[in-house]
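Asker: Below is target18.txt; it holds compact mmCIF, C-alpha atoms.
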# COMPACT_ATOMS: atom_id res chain seq x y z
CA MET A 1 85.03 25.62 11.16
CA GLN A 2 87.48 22.99 12.32
CA THR A 3 90.78 23.43 10.47
CA ASP A 4 92.39 20.33 9.01
CA SER A 5 96.02 19.45 9.50
CA PRO A 6 98.19 19.15 6.37
CA ARG A 7 97.69 15.81 4.65
CA ARG A 8 98.66 13.99 1.52
CA PRO A 9 96.30 14.85 -1.36
CA GLY A 10 94.20 12.21 -3.05
CA LEU A 11 93.38 8.63 -2.14
CA SER A 12 95.50 5.52 -2.16
CA THR A 13 94.40 1.90 -1.78
CA GLU A 14 97.90 0.49 -2.05
CA SER A 15 98.15 -0.85 1.50
CA ALA A 16 97.91 -4.63 1.42
CA GLY A 17 96.97 -4.55 5.10
CA LEU A 18 93.47 -3.28 4.40
CA ALA A 19 90.77 -5.94 4.40
CA LEU A 20 89.39 -4.12 1.37
CA ASN A 21 92.53 -5.27 -0.44
CA GLY A 22 92.62 -8.79 0.96
CA GLY A 23 94.26 -8.14 4.31
CA LYS A 24 93.06 -9.51 7.63
CA PRO A 25 90.07 -7.58 9.04
CA VAL A 26 90.32 -5.90 12.42
CA ARG A 27 87.38 -8.04 13.59
CA ASP A 28 86.47 -11.63 12.81
CA SER A 29 82.76 -10.97 13.33
CA TRP A 30 80.44 -8.19 12.26
CA LEU A 31 79.85 -5.24 14.63
CA PRO A 32 76.50 -3.61 13.77
CA TYR A 33 76.10 0.16 13.91
CA GLY A 34 73.04 -0.22 16.18
CA HIS A 35 71.37 -2.93 18.24
CA GLN A 36 68.61 -3.30 20.80
CA VAL A 37 69.24 -4.32 24.42
CA ILE A 38 66.54 -6.68 25.76
CA SER A 39 66.60 -7.90 29.36
CA GLU A 40 64.84 -10.81 31.04
CA ASP A 41 62.59 -8.25 32.73
CA ASP A 42 61.59 -6.99 29.28
CA VAL A 43 60.77 -10.52 28.16
CA ALA A 44 58.76 -11.15 31.33
CA ALA A 45 56.77 -7.94 30.82
CA VAL A 46 55.80 -8.98 27.30
CA VAL A 47 54.92 -12.54 28.38
CA LYS A 48 52.76 -11.19 31.21
CA THR A 49 50.82 -9.06 28.75
CA LEU A 50 50.59 -11.92 26.28
CA LYS A 51 48.85 -13.96 28.98
CA SER A 52 46.52 -11.12 29.92
CA ASP A 53 43.07 -10.33 28.55
CA TRP A 54 44.42 -7.54 26.34
CA LEU A 55 46.66 -7.70 23.28
CA THR A 56 45.68 -4.35 21.84
CA GLN A 57 43.92 -1.15 22.99
CA GLY A 58 44.36 -2.27 26.60
CA PRO A 59 45.86 -0.84 29.80
CA ALA A 60 49.50 -1.35 28.77
CA ILE A 61 49.15 1.51 26.27
CA LYS A 62 48.14 4.02 28.90
CA ALA A 63 50.88 2.84 31.26
CA PHE A 64 53.53 3.33 28.57
CA GLU A 65 52.20 6.74 27.61
CA GLN A 66 52.22 7.83 31.23
CA ALA A 67 55.78 6.56 31.80
CA VAL A 68 57.12 8.59 28.87
CA ALA A 69 55.06 11.69 29.67
CA ASP A 70 56.27 11.65 33.27
CA TYR A 71 59.90 11.20 32.22
CA VAL A 72 59.86 14.06 29.73
CA GLY A 73 57.54 16.28 31.75
CA VAL A 74 54.61 16.79 29.37
CA LYS A 75 50.87 16.60 29.91
CA HIS A 76 49.95 14.19 27.12
CA ALA A 77 51.58 11.29 25.27
CA VAL A 78 49.90 9.35 22.46
CA ALA A 79 51.43 6.02 21.41
CA VAL A 80 51.22 5.03 17.75
CA SER A 81 52.55 2.33 15.47
CA SER A 82 55.74 4.06 14.28
CA GLY A 83 57.69 7.28 14.27
CA THR A 84 56.32 7.96 10.79
CA ALA A 85 52.77 7.55 12.11
CA ALA A 86 53.67 9.99 14.90
CA LEU A 87 54.79 12.59 12.36
CA HIS A 88 51.67 12.09 10.26
CA ALA A 89 49.45 12.40 13.32
CA ALA A 90 51.23 15.56 14.45
CA TYR A 91 50.81 17.20 11.04
CA PHE A 92 47.14 16.24 11.06
CA ALA A 93 46.59 17.65 14.54
CA ALA A 94 48.30 20.88 13.47
CA CYS A 95 45.83 21.13 10.53
CA ILE A 96 48.67 21.11 8.01
CA GLY A 97 47.12 20.48 4.61
CA GLU A 98 46.88 21.37 0.95
CA ASN A 99 49.07 24.29 -0.16
CA ASP A 100 50.72 24.60 3.27
CA GLU A 101 54.47 24.51 3.71
CA ILE A 102 56.63 23.14 6.49
CA ILE A 103 60.25 24.17 6.91
CA THR A 104 62.57 21.39 7.98
CA SER A 105 66.07 19.99 7.58
CA PRO A 106 67.10 17.77 4.68
CA ILE A 107 69.49 15.90 7.03
CA THR A 108 66.90 13.55 8.46
CA PHE A 109 65.09 10.35 7.57
CA ALA A 110 62.70 10.88 4.65
CA ALA A 111 59.63 10.33 6.86
CA THR A 112 59.96 13.85 8.32
CA SER A 113 59.02 15.29 4.95
CA ASN A 114 56.98 12.37 3.64
CA ALA A 115 54.39 12.68 6.38
CA ALA A 116 53.78 16.33 5.43
CA VAL A 117 53.30 15.27 1.81
CA TYR A 118 50.69 12.74 3.01
CA GLN A 119 48.71 15.79 4.17
CA GLY A 120 49.12 17.56 0.84
CA ALA A 121 51.72 19.98 2.17
CA ARG A 122 55.07 20.92 0.65
CA PRO A 123 58.36 20.51 2.52
CA VAL A 124 60.80 23.40 2.25
CA PHE A 125 64.38 22.57 3.15
CA ALA A 126 66.48 24.85 5.32
CA ASP A 127 70.23 24.44 5.49
CA VAL A 128 72.18 22.90 8.37
CA SER A 129 75.48 23.53 10.08
CA PRO A 130 78.22 21.65 8.19
CA GLU A 131 79.85 20.91 11.55
CA ASN A 132 76.97 19.14 13.32
CA GLY A 133 74.03 18.66 10.94
CA LEU A 134 71.64 20.77 13.04
CA ILE A 135 69.18 23.09 11.31
CA ASP A 136 70.45 26.63 10.68
CA LEU A 137 68.15 29.33 12.10
CA GLU A 138 69.07 32.04 9.59
CA SER A 139 68.27 29.65 6.78
CA VAL A 140 64.90 28.89 8.40
CA LYS A 141 64.04 32.60 8.54
CA LYS A 142 64.81 33.01 4.84
CA ARG A 143 62.41 30.18 3.90
CA ILE A 144 59.31 31.61 5.61
CA THR A 145 56.48 32.52 3.20
CA PRO A 146 52.76 33.25 3.62
CA ARG A 147 52.19 29.51 3.12
CA THR A 148 54.48 28.41 5.95
CA ARG A 149 52.53 26.60 8.65
CA ALA A 150 55.19 24.98 10.82
CA VAL A 151 58.90 24.65 11.49
CA VAL A 152 59.96 21.05 12.11
CA GLY A 153 63.22 20.87 14.04
CA ILE A 154 65.42 17.76 14.03
CA ASP A 155 67.36 16.50 17.06
CA PHE A 156 70.13 15.01 14.96
CA ALA A 157 72.04 12.01 16.36
CA GLY A 158 70.50 12.60 19.81
CA GLN A 159 71.69 16.22 20.12
CA PRO A 160 68.84 18.72 20.55
CA CYS A 161 68.53 21.47 17.98
CA ASP A 162 68.16 25.12 19.06
CA TYR A 163 64.78 24.89 20.79
CA ASP A 164 64.82 28.49 22.00
CA GLY A 165 65.75 29.84 18.59
CA ILE A 166 63.09 27.87 16.72
CA ALA A 167 60.46 28.72 19.34
CA GLU A 168 61.23 32.42 18.93
CA ILE A 169 60.97 32.20 15.14
CA CYS A 170 57.63 30.41 15.45
CA LYS A 171 56.29 32.88 17.99
CA THR A 172 57.29 35.88 15.88
CA ASN A 173 55.76 34.43 12.72
CA ARG A 174 52.74 32.69 14.30
CA LEU A 175 53.96 29.24 13.27
CA ILE A 176 53.67 25.84 14.91
CA PHE A 177 56.83 24.29 16.36
CA ILE A 178 56.97 20.55 15.73
CA LEU A 179 60.00 18.61 16.87
CA ASP A 180 61.25 15.40 15.28
CA SER A 181 62.91 14.08 18.42
CA ALA A 182 63.12 10.49 17.20
CA HIS A 183 66.81 10.48 18.17
CA SER A 184 66.73 12.32 21.48
CA LEU A 185 64.70 10.57 24.18
CA GLY A 186 66.99 10.78 27.22
CA ALA A 187 68.79 13.90 26.00
CA PHE A 188 68.72 17.29 27.76
CA TYR A 189 68.46 20.88 26.58
CA LYS A 190 69.60 23.56 29.02
CA GLY A 191 69.04 21.27 31.98
CA LYS A 192 65.56 20.12 30.97
CA PRO A 193 64.57 16.83 29.29
CA ALA A 194 64.59 17.09 25.51
CA CYS A 195 61.35 16.63 23.56
CA ALA A 196 59.21 18.80 25.88
CA GLN A 197 59.73 22.30 24.49
CA ALA A 198 57.77 22.17 21.21
CA ASP A 199 54.04 22.37 20.48
CA MET A 200 54.33 18.70 19.56
CA SER A 201 57.32 16.35 19.65
CA ILE A 202 57.53 12.91 18.10
CA LEU A 203 59.45 9.83 19.21
CA SER A 204 60.46 6.59 17.51
CA PHE A 205 61.01 3.25 19.23
CA HIS A 206 62.80 1.42 16.41
CA PRO A 207 65.37 -1.10 17.74
CA VAL A 208 68.34 1.23 17.22
CA LYS A 209 66.80 4.03 19.34
CA SER A 210 67.41 4.68 23.06
CA ILE A 211 64.56 2.32 23.94
CA THR A 212 62.57 0.04 21.67
CA THR A 213 59.12 -1.43 21.26
CA GLY A 214 60.15 -3.26 18.07
CA GLU A 215 58.32 -0.70 15.95
CA GLY A 216 56.40 2.18 17.44
CA GLY A 217 56.23 5.90 17.99
CA MET A 218 54.68 8.57 20.19
CA ILE A 219 53.55 12.18 20.09
CA LEU A 220 54.15 14.41 23.13
CA THR A 221 52.24 17.63 23.74
CA ASN A 222 50.91 19.93 26.44
CA SER A 223 47.93 20.93 24.28
CA ASP A 224 44.52 19.45 25.12
CA GLU A 225 43.31 20.34 21.62
CA TYR A 226 46.14 18.51 19.87
CA HIS A 227 45.73 15.56 22.24
CA GLU A 228 42.08 15.12 21.26
CA LYS A 229 42.92 15.22 17.55
CA LEU A 230 45.77 12.75 17.96
CA LEU A 231 43.59 10.23 19.80
CA ILE A 232 40.95 10.15 17.10
CA PHE A 233 43.44 10.16 14.21
CA ARG A 234 45.24 6.99 15.35
CA THR A 235 42.00 4.98 15.39
CA HIS A 236 40.44 5.45 11.94
CA GLY A 237 38.99 8.83 12.92
CA ILE A 238 36.40 6.99 15.03
CA GLU A 239 34.95 8.51 18.20
CA LYS A 240 33.22 6.34 20.83
CA ARG A 241 33.04 8.61 23.86
CA PRO A 242 29.37 9.54 24.43
CA ASP A 243 30.13 13.16 25.27
CA LYS A 244 32.00 13.60 21.97
CA LEU A 245 29.28 12.21 19.65
CA THR A 246 27.04 14.41 17.51
CA VAL A 247 24.12 12.02 18.15
CA ASN A 248 23.80 8.85 20.22
CA GLU A 249 21.66 6.00 19.00
CA GLY A 250 22.65 3.58 21.75
CA PRO A 251 25.54 1.97 23.63
CA TRP A 252 26.91 0.44 20.43
CA TYR A 253 27.00 3.74 18.60
CA HIS A 254 30.20 5.37 17.36
CA GLU A 255 31.05 7.91 14.71
CA MET A 256 33.79 8.31 12.15
CA GLN A 257 34.38 12.03 12.53
CA GLU A 258 37.68 12.35 10.66
CA LEU A 259 39.57 10.44 7.97
CA GLY A 260 41.98 8.76 10.34
CA PHE A 261 44.29 5.76 10.12
CA ASN A 262 44.91 2.53 11.96
CA TYR A 263 48.03 3.79 13.72
CA ARG A 264 47.49 2.00 17.03
CA MET A 265 50.29 0.45 19.03
CA CYS A 266 49.53 -2.97 20.52
CA ASP A 267 49.80 -3.80 24.22
CA LEU A 268 52.72 -6.19 23.66
CA GLN A 269 54.79 -3.32 22.27
CA ALA A 270 53.67 -0.99 25.04
CA ALA A 271 54.57 -3.52 27.74
CA LEU A 272 58.07 -3.78 26.29
CA GLY A 273 58.30 0.00 26.12
CA THR A 274 57.27 0.49 29.75
CA SER A 275 59.85 -2.06 30.85
CA GLN A 276 62.54 -0.45 28.68
CA MET A 277 61.79 2.97 30.19
CA LYS A 278 63.12 1.66 33.51
CA SER A 279 66.53 1.27 31.82
CA LEU A 280 66.50 4.47 29.76
CA ASN A 281 68.85 6.44 32.02
CA GLU A 282 71.24 3.48 32.17
CA PHE A 283 71.16 3.06 28.39
CA VAL A 284 71.84 6.75 27.75
CA ALA A 285 74.59 6.89 30.37
CA ARG A 286 76.33 3.98 28.65
CA ARG A 287 75.97 5.61 25.24
CA ARG A 288 77.57 8.75 26.65
CA GLU A 289 80.44 6.65 28.06
CA ILE A 290 80.97 5.12 24.63
CA ALA A 291 80.94 8.60 23.06
CA ASP A 292 83.60 9.72 25.55
CA LEU A 293 85.73 6.67 24.68
CA TYR A 294 85.49 7.46 20.97
CA ARG A 295 86.56 11.05 21.59
CA GLN A 296 89.48 10.04 23.81
CA LYS A 297 90.76 7.36 21.45
CA LEU A 298 90.35 9.50 18.31
CA ASP A 299 91.85 12.62 19.92
CA GLY A 300 94.63 13.94 17.73
CA CYS A 301 93.73 11.66 14.81
CA PRO A 302 94.41 13.74 11.68
CA ASP A 303 91.86 11.99 9.50
CA TYR A 304 88.52 12.42 11.30
CA TYR A 305 86.57 15.04 13.21
CA CYS A 306 84.11 13.98 15.94
CA VAL A 307 80.92 16.04 15.86
CA GLU A 308 80.97 18.16 19.02
CA GLU A 309 78.34 18.38 21.71
CA LEU A 310 77.15 21.99 21.93
CA GLU A 311 77.02 24.01 25.13
CA GLY A 312 73.77 23.50 27.00
CA ARG A 313 73.04 20.19 25.24
CA LEU A 314 73.46 16.66 26.58
CA SER A 315 73.07 14.27 23.68
CA SER A 316 71.46 10.86 24.08
CA TYR A 317 73.87 9.66 21.35
CA HIS A 318 71.47 7.76 19.18
CA LEU A 319 74.34 8.05 16.71
CA PHE A 320 78.01 8.94 16.95
CA PRO A 321 78.79 10.86 13.75
CA ILE A 322 82.29 11.62 12.54
CA LEU A 323 83.38 13.70 9.57
CA VAL A 324 86.27 12.88 7.27
CA LYS A 325 88.92 15.58 6.97
CA GLY A 326 91.08 16.59 4.04
CA ASP A 327 90.55 18.43 0.80
CA PRO A 328 86.93 19.67 0.50
CA ALA A 329 86.98 18.76 -3.18
CA ASN A 330 87.69 15.19 -2.16
CA TYR A 331 85.27 14.74 0.78
CA ALA A 332 82.77 12.51 -1.02
CA GLU A 333 85.43 10.20 -2.48
CA ALA A 334 87.25 9.96 0.84
CA ARG A 335 84.04 9.22 2.75
CA LYS A 336 83.08 6.47 0.29
CA PHE A 337 86.52 4.91 0.62
CA VAL A 338 86.41 4.99 4.44
CA PHE A 339 82.86 3.60 4.48
CA GLU A 340 83.70 0.67 2.20
CA ALA A 341 86.96 -0.02 3.99
CA LEU A 342 85.24 -0.07 7.41
CA HIS A 343 82.68 -2.58 6.17
CA ALA A 344 85.50 -4.76 4.90
CA GLU A 345 87.02 -4.60 8.41
CA ASN A 346 83.67 -5.92 9.78
CA ILE A 347 82.72 -2.55 11.26
CA GLY A 348 79.09 -1.67 10.61
CA VAL A 349 78.71 2.02 9.81
CA GLN A 350 76.01 4.06 8.12
CA VAL A 351 75.58 7.48 6.55
CA HIS A 352 73.01 9.81 8.12
CA TYR A 353 71.50 11.09 5.92
CA ILE A 354 71.21 11.46 2.18
CA PRO A 355 69.62 14.93 1.90
CA THR A 356 65.92 14.36 1.28
CA TYR A 357 65.82 16.66 -1.74
CA LYS A 358 68.24 14.36 -3.58
CA PHE A 359 65.73 11.50 -3.84
CA PRO A 360 64.06 11.00 -7.25
CA TYR A 361 60.61 11.36 -5.71
CA TYR A 362 61.40 14.80 -4.32
CA LYS A 363 63.07 15.91 -7.53
CA LYS A 364 59.82 15.05 -9.28
CA LEU A 365 57.66 16.64 -6.56
CA LEU A 366 59.63 19.85 -6.28
CA GLY A 367 60.74 20.12 -9.90
CA ARG A 368 63.79 18.42 -11.34
CA ASP A 369 65.55 21.73 -11.85
CA TRP A 370 64.82 22.93 -8.31
CA ALA A 371 68.10 23.25 -6.44
CA PRO A 372 67.97 24.12 -2.73
CA ASP A 373 70.49 26.56 -1.33
CA CYS A 374 71.88 24.10 1.21
CA PRO A 375 75.70 24.15 1.02
CA GLY A 376 75.97 23.11 4.67
CA ALA A 377 73.83 20.02 4.07
CA GLU A 378 75.84 19.13 0.97
CA GLU A 379 79.12 19.38 2.87
CA PHE A 380 77.84 17.50 5.91
CA TYR A 381 76.46 14.67 3.77
CA SER A 382 79.70 14.37 1.80
CA ARG A 383 81.75 13.91 5.01
CA GLU A 384 79.56 12.11 7.58
CA ILE A 385 79.81 8.51 8.79
CA GLY A 386 77.88 7.14 11.78
CA LEU A 387 79.99 4.82 13.92
CA PRO A 388 78.57 1.85 15.88
CA MET A 389 76.68 3.09 18.93
CA PHE A 390 74.51 1.01 21.26
CA ALA A 391 74.36 0.45 25.00
CA SER A 392 75.74 -3.11 25.02
CA MET A 393 78.95 -2.21 23.19
CA THR A 394 82.18 -3.04 25.02
CA GLU A 395 85.38 -1.04 25.20
CA LYS A 396 86.93 -3.76 23.02
CA ASP A 397 84.28 -2.95 20.38
CA VAL A 398 85.25 0.73 20.55
CA ASP A 399 88.94 -0.20 20.30
CA ASP A 400 88.20 -2.24 17.17
CA VAL A 401 86.36 0.66 15.53
CA VAL A 402 89.17 3.09 16.34
CA ALA A 403 91.84 0.64 15.18
CA ALA A 404 90.04 0.22 11.87
CA LEU A 405 89.65 3.98 11.45
CA LYS A 406 93.35 4.60 12.09
CA LYS A 407 94.36 1.70 9.84
CA ILE A 408 92.26 3.15 7.02
CA GLY A 409 93.35 6.72 7.74
CA LYS A 410 96.94 5.83 6.84
CA CYS A 411 95.76 5.10 3.31
CA LEU A 412 93.93 8.36 2.71
Take the structure from the file and write it as structure tokens.
Answerer:
Amino acid sequence: MQTDSPRRPGLSTESAGLALNGGKPVRDSWLPYGHQVISEDDVAAVVKTLKSDWLTQGPAIKAFEQAVADYVGVKHAVAVSSGTAALHAAYFAACIGENDEIITSPITFAATSNAAVYQGARPVFADVSPENGLIDLESVKKRITPRTRAVVGIDFAGQPCDYDGIAEICKTNRLIFILDSAHSLGAFYKGKPACAQADMSILSFHPVKSITTGEGGMILTNSDEYHEKLLIFRTHGIEKRPDKLTVNEGPWYHEMQELGFNYRMCDLQAALGTSQMKSLNEFVARRREIADLYRQKLDGCPDYYCVEELEGRLSSYHLFPILVKGDPANYAEARKFVFEALHAENIGVQVHYIPTYKFPYYKKLLGRDWAPDCPGAEEFYSREIGLPMFASMTEKDVDDVVAALKKIGKCL
């Protein structure tokens, strides 16, 4: 674990220079923690589709799916309406249902677990490394029971989790490996594109992700069986292909064969996504440049620790997380102070994430007295702040963030 340099104990808000205390902010205007980058080519692609014969269920969907599948190096890609829909579809395709368990990380957006609950399954939370928020393999092994159906890894902040380790656990225990790679399109794991190494991987195209379709998601897989289930699930469970029908009463005939959902992506979104894919490498390269700038400019700063990129991983830097240093007993108070002070300085930051098991719904679902053995997740949550990170940031933006952090650090 990173050792902290000696520091003054406790917190002080005495400095009149802090915007939190009425001083002048580092920035005059708000810097968001994430933002989409939309080019004129993107706009033209959407307009072209808007003027076409198809607004939904048309050829733009297939083109987008093919572009992502080719980039990642998988056989099948299925576009859906959101990352949450992608998770739900993946759990359905994996036949995860009543009385099943999935093992996943609590340091993720709630949808990772919620979508399993939609299927009647129970999420079981493994611990994470307190240094980087990635799921801990030994903790995963301890959570396996006869009811375990899948391990759901999380590529936190754009950094791939231990694909090889999870795959080995799943192989040994005959489990399904599902990857929540909503953060990691454009990342690499041991020289290969991230998102391709699981039985199924899911993507999100929310505006703060590497590329955007406004809202949208996708499931990636090399399995023909999963692909068939995913296709039918996203369209109400309805099958129209003549060779897939149980009977055929005529050219109009179709069958609802499963209880599916309307999880379709529209062609306007897909057209934007295909256009954005042309800029993905550029976007990720710029995010990595910004990450390098943060590391250089925060090097030697006694108040914060930049989450490190692990050997064999190239993060896509969906987020740039830092951890506050100091007295472990004071992490939560220090983090809250830094968070509020940064907002006052017009620096948009966020915390990723509140451990899922802390939410009232999950306390009720799992039992209010149920306490997970997740000390790593508790520590990581108490210390983490996500700094602004998006491809159109300037070095001046980075300088402003660093200046605000150092200004606030003097008051810790």
Asker: Excluding same-chain residues fewer than 5 positions from region 323-325 of chain A, what lies within 7 Å of it counting all atoms listed in the file, as a PyMOL selection string?
Answerer: chain A and resi 4+303-306+331+335+383-385
Asker: Quick one: contact table of region 176-227 of chain A to region 263-275 of chain A, 12 Å max, nearest atom pair and distance in Å to one decimal per residue, counting only C-alpha atoms, chain and number order, as JSON lines?
Answerer:
{"residue": "A:Ser204", "atom": "CA", "partner": "A:Gly273", "partner_atom": "CA", "distance": 11.1}
{"residue": "A:Phe205", "atom": "CA", "partner": "A:Gly273", "partner_atom": "CA", "distance": 8.1}
{"residue": "A:His206", "atom": "CA", "partner": "A:Gly273", "partner_atom": "CA", "distance": 10.8}
{"residue": "A:Pro207", "atom": "CA", "partner": "A:Gly273", "partner_atom": "CA", "distance": 11.0}
{"residue": "A:Lys209", "atom": "CA", "partner": "A:Gly273", "partner_atom": "CA", "distance": 11.6}
{"residue": "A:Ser210", "atom": "CA", "partner": "A:Gly273", "partner_atom": "CA", "distance": 10.7}
{"residue": "A:Ile211", "atom": "CA", "partner": "A:Gly273", "partner_atom": "CA", "distance": 7.0}
{"residue": "A:Thr212", "atom": "CA", "partner": "A:Gly273", "partner_atom": "CA", "distance": 6.2}
{"residue": "A:Thr213", "atom": "CA", "partner": "A:Gln269", "partner_atom": "CA", "distance": 4.8}
{"residue": "A:Gly214", "atom": "CA", "partner": "A:Gln269", "partner_atom": "CA", "distance": 6.8}
{"residue": "A:Glu215", "atom": "CA", "partner": "A:Gln269", "partner_atom": "CA", "distance": 7.7}
{"residue": "A:Gly216", "atom": "CA", "partner": "A:Met265", "partner_atom": "CA", "distance": 6.5}
{"residue": "A:Gly217", "atom": "CA", "partner": "A:Met265", "partner_atom": "CA", "distance": 8.1}
{"residue": "A:Met218", "atom": "CA", "partner": "A:Met265", "partner_atom": "CA", "distance": 9.3}
{"residue": "A:Ile219", "atom": "CA", "partner": "A:Tyr263", "partner_atom": "CA", "distance": 11.9}
Asker: Please write out, as JSON, where the centre of an axis-aligned box around all listed atoms of region 235-254 of chain A lies and how long its edges are, in Å to one decimal, after adding 6 Å on each side.
Answerer:
{"center_x": 31.8, "center_y": 7.4, "center_z": 18.6, "size_x": 32.3, "size_y": 26.0, "size_z": 25.3}
Asker: Would you kindly return, as a tab-separated table (two decimals) with C-alpha atoms, keeping the file's coordinate frame, each protein, DNA or RNA residue with an atom no farther than 8 Å from any atom of region 312-314 of chain A, considering all atoms listed in the file and excluding same-chain residues fewer than 4 positions away?
Answerer:
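Wrote out-v6.tsv, looks like this:
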chain	number	residue	atom	x	y	z
A	159	GLN	CA	71.69	16.22	20.12
A	160	PRO	CA	68.84	18.72	20.55
A	187	ALA	CA	68.79	13.90	26.00
A	188	PHE	CA	68.72	17.29	27.76
A	189	TYR	CA	68.46	20.88	26.58
A	190	LYS	CA	69.60	23.56	29.02
A	191	GLY	CA	69.04	21.27	31.98
Asker: Grab the CA of Phe64 (chain A) to CA of Ala77 (chain A) distance for me, in Å with one decimal place.
Answerer: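 Computing the Euclidean distance for CA of Phe64 (chain A) and CA of Ala77 (chain A) yields 8.8 Å.
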Asker: CA of Val128 (chain A) to CA of Phe380 (chain A): how many Å, to one decimal?
Answerer: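 CA of Phe380 (chain A) lies 8.2 Å from CA of Val128 (chain A).
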Asker: At most 9 Å is the cut-off: for each residue in region 321-394 of chain A with any atom that close to an atom of region 132-137 of chain A, write down the nearest atom pair and the distance in Å rounded to one decimal, counting all atoms listed in the file, chain first then increasing number, as JSON lines.
Answerer:
{"residue": "A:Pro321", "atom": "CA", "partner": "A:Asn132", "partner_atom": "CA", "distance": 8.5}
{"residue": "A:Gly376", "atom": "CA", "partner": "A:Gly133", "partner_atom": "CA", "distance": 7.9}
{"residue": "A:Ala377", "atom": "CA", "partner": "A:Gly133", "partner_atom": "CA", "distance": 7.0}
{"residue": "A:Phe380", "atom": "CA", "partner": "A:Gly133", "partner_atom": "CA", "distance": 6.4}
{"residue": "A:Tyr381", "atom": "CA", "partner": "A:Gly133", "partner_atom": "CA", "distance": 8.6}
Asker: Create the file for the chosen residues now, containing C-alpha atoms and written as a tab-separated table (two decimals), keeping the file's coordinate frame.
Answerer:
chain	number	residue	atom	x	y	z
A	321	PRO	CA	78.79	10.86	13.75
A	376	GLY	CA	75.97	23.11	4.67
A	377	ALA	CA	73.83	20.02	4.07
A	380	PHE	CA	77.84	17.50	5.91
A	381	TYR	CA	76.46	14.67	3.77
Asker: Restrict the calculation to all atoms listed in the file, then for each residue of region 120-216 of chain A with any atom at most 10 Å from an atom of region 352-369 of chain A give the closest atom pair and their distance in Å to one decimal, rows by chain and rising residue number, as a Markdown table.
Answerer:
| residue | atom | partner | partner_atom | distance |
| --- | --- | --- | --- | --- |
| A:Arg122 | CA | A:Leu366 | CA | 8.4 |
| A:Pro123 | CA | A:Leu366 | CA | 8.9 |
| A:Val124 | CA | A:Tyr357 | CA | 9.3 |
| A:Phe125 | CA | A:Tyr357 | CA | 7.8 |
| A:Gly133 | CA | A:His352 | CA | 9.3 |
| A:Phe156 | CA | A:His352 | CA | 9.1 |
| A:Ala157 | CA | A:His352 | CA | 8.6 |
Asker: Produce a file of the selected residues containing C-alpha atoms, as a short mmCIF file (atom, residue, chain, number, x, y, z; two decimals), in the coordinates of the input.
Answerer:
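The result, stored in selection-v8.cif:
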data_model
loop_
_atom_site.label_atom_id
_atom_site.label_comp_id
_atom_site.auth_asym_id
_atom_site.auth_seq_id
_atom_site.Cartn_x
_atom_site.Cartn_y
_atom_site.Cartn_z
CA ARG A 122 55.07 20.92 0.65
CA PRO A 123 58.36 20.51 2.52
CA VAL A 124 60.80 23.40 2.25
CA PHE A 125 64.38 22.57 3.15
CA GLY A 133 74.03 18.66 10.94
CA PHE A 156 70.13 15.01 14.96
CA ALA A 157 72.04 12.01 16.36
#
Asker: How far is it from CA of Phe92 (chain A) to CA of Phe233 (chain A), in Å with one decimal?
Answerer: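 About the pair CA of Phe92 (chain A) and CA of Phe233 (chain A): they are 7.8 Å apart.
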Asker: Quick one: of A:Leu55, A:Ala334, A:Val46, A:Leu231, who's nearest to Phe261 (chain A), counting all atoms listed in the file?
Answerer: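 Closest candidate: A:Leu231.
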Asker: Do a neighbour search on region 145-150 of chain A at 6 Å with all atoms listed in the file, toss out local chain neighbours closer than 6 positions, and write the hits as a ChimeraX atom specification.
Answerer: /A:100-102,175-177
Asker: Please produce a file of the residues just selected, as a short mmCIF file (atom, residue, chain, number, x, y, z; two decimals), in the frame of the given file, where the atoms kept are C-alpha atoms.
Answerer:
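Result file follows (selection-v9.cif):
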data_model
loop_
_atom_site.label_atom_id
_atom_site.label_comp_id
_atom_site.auth_asym_id
_atom_site.auth_seq_id
_atom_site.Cartn_x
_atom_site.Cartn_y
_atom_site.Cartn_z
CA ASP A 100 50.72 24.60 3.27
CA GLU A 101 54.47 24.51 3.71
CA ILE A 102 56.63 23.14 6.49
CA LEU A 175 53.96 29.24 13.27
CA ILE A 176 53.67 25.84 14.91
CA PHE A 177 56.83 24.29 16.36
#
Asker: With 10 Å as the cut-off and only C-alpha atoms counted, what is the closest atom pair between each nearby residue of region 295-368 of chain A and region 29-35 of chain A? Distances in Å to one decimal, ordered by chain and number, as JSON lines.
Answerer:
{"residue": "A:His318", "atom": "CA", "partner": "A:Gly34", "partner_atom": "CA", "distance": 8.7}
{"residue": "A:Leu319", "atom": "CA", "partner": "A:Gly34", "partner_atom": "CA", "distance": 8.4}
{"residue": "A:Phe320", "atom": "CA", "partner": "A:Tyr33", "partner_atom": "CA", "distance": 9.5}
{"residue": "A:His343", "atom": "CA", "partner": "A:Trp30", "partner_atom": "CA", "distance": 8.6}
{"residue": "A:Ala344", "atom": "CA", "partner": "A:Trp30", "partner_atom": "CA", "distance": 9.6}
{"residue": "A:Glu345", "atom": "CA", "partner": "A:Trp30", "partner_atom": "CA", "distance": 8.4}
{"residue": "A:Asn346", "atom": "CA", "partner": "A:Trp30", "partner_atom": "CA", "distance": 4.7}
{"residue": "A:Ile347", "atom": "CA", "partner": "A:Leu31", "partner_atom": "CA", "distance": 5.2}
{"residue": "A:Gly348", "atom": "CA", "partner": "A:Pro32", "partner_atom": "CA", "distance": 4.5}
{"residue": "A:Val349", "atom": "CA", "partner": "A:Tyr33", "partner_atom": "CA", "distance": 5.2}
{"residue": "A:Gln350", "atom": "CA", "partner": "A:Tyr33", "partner_atom": "CA", "distance": 7.0}
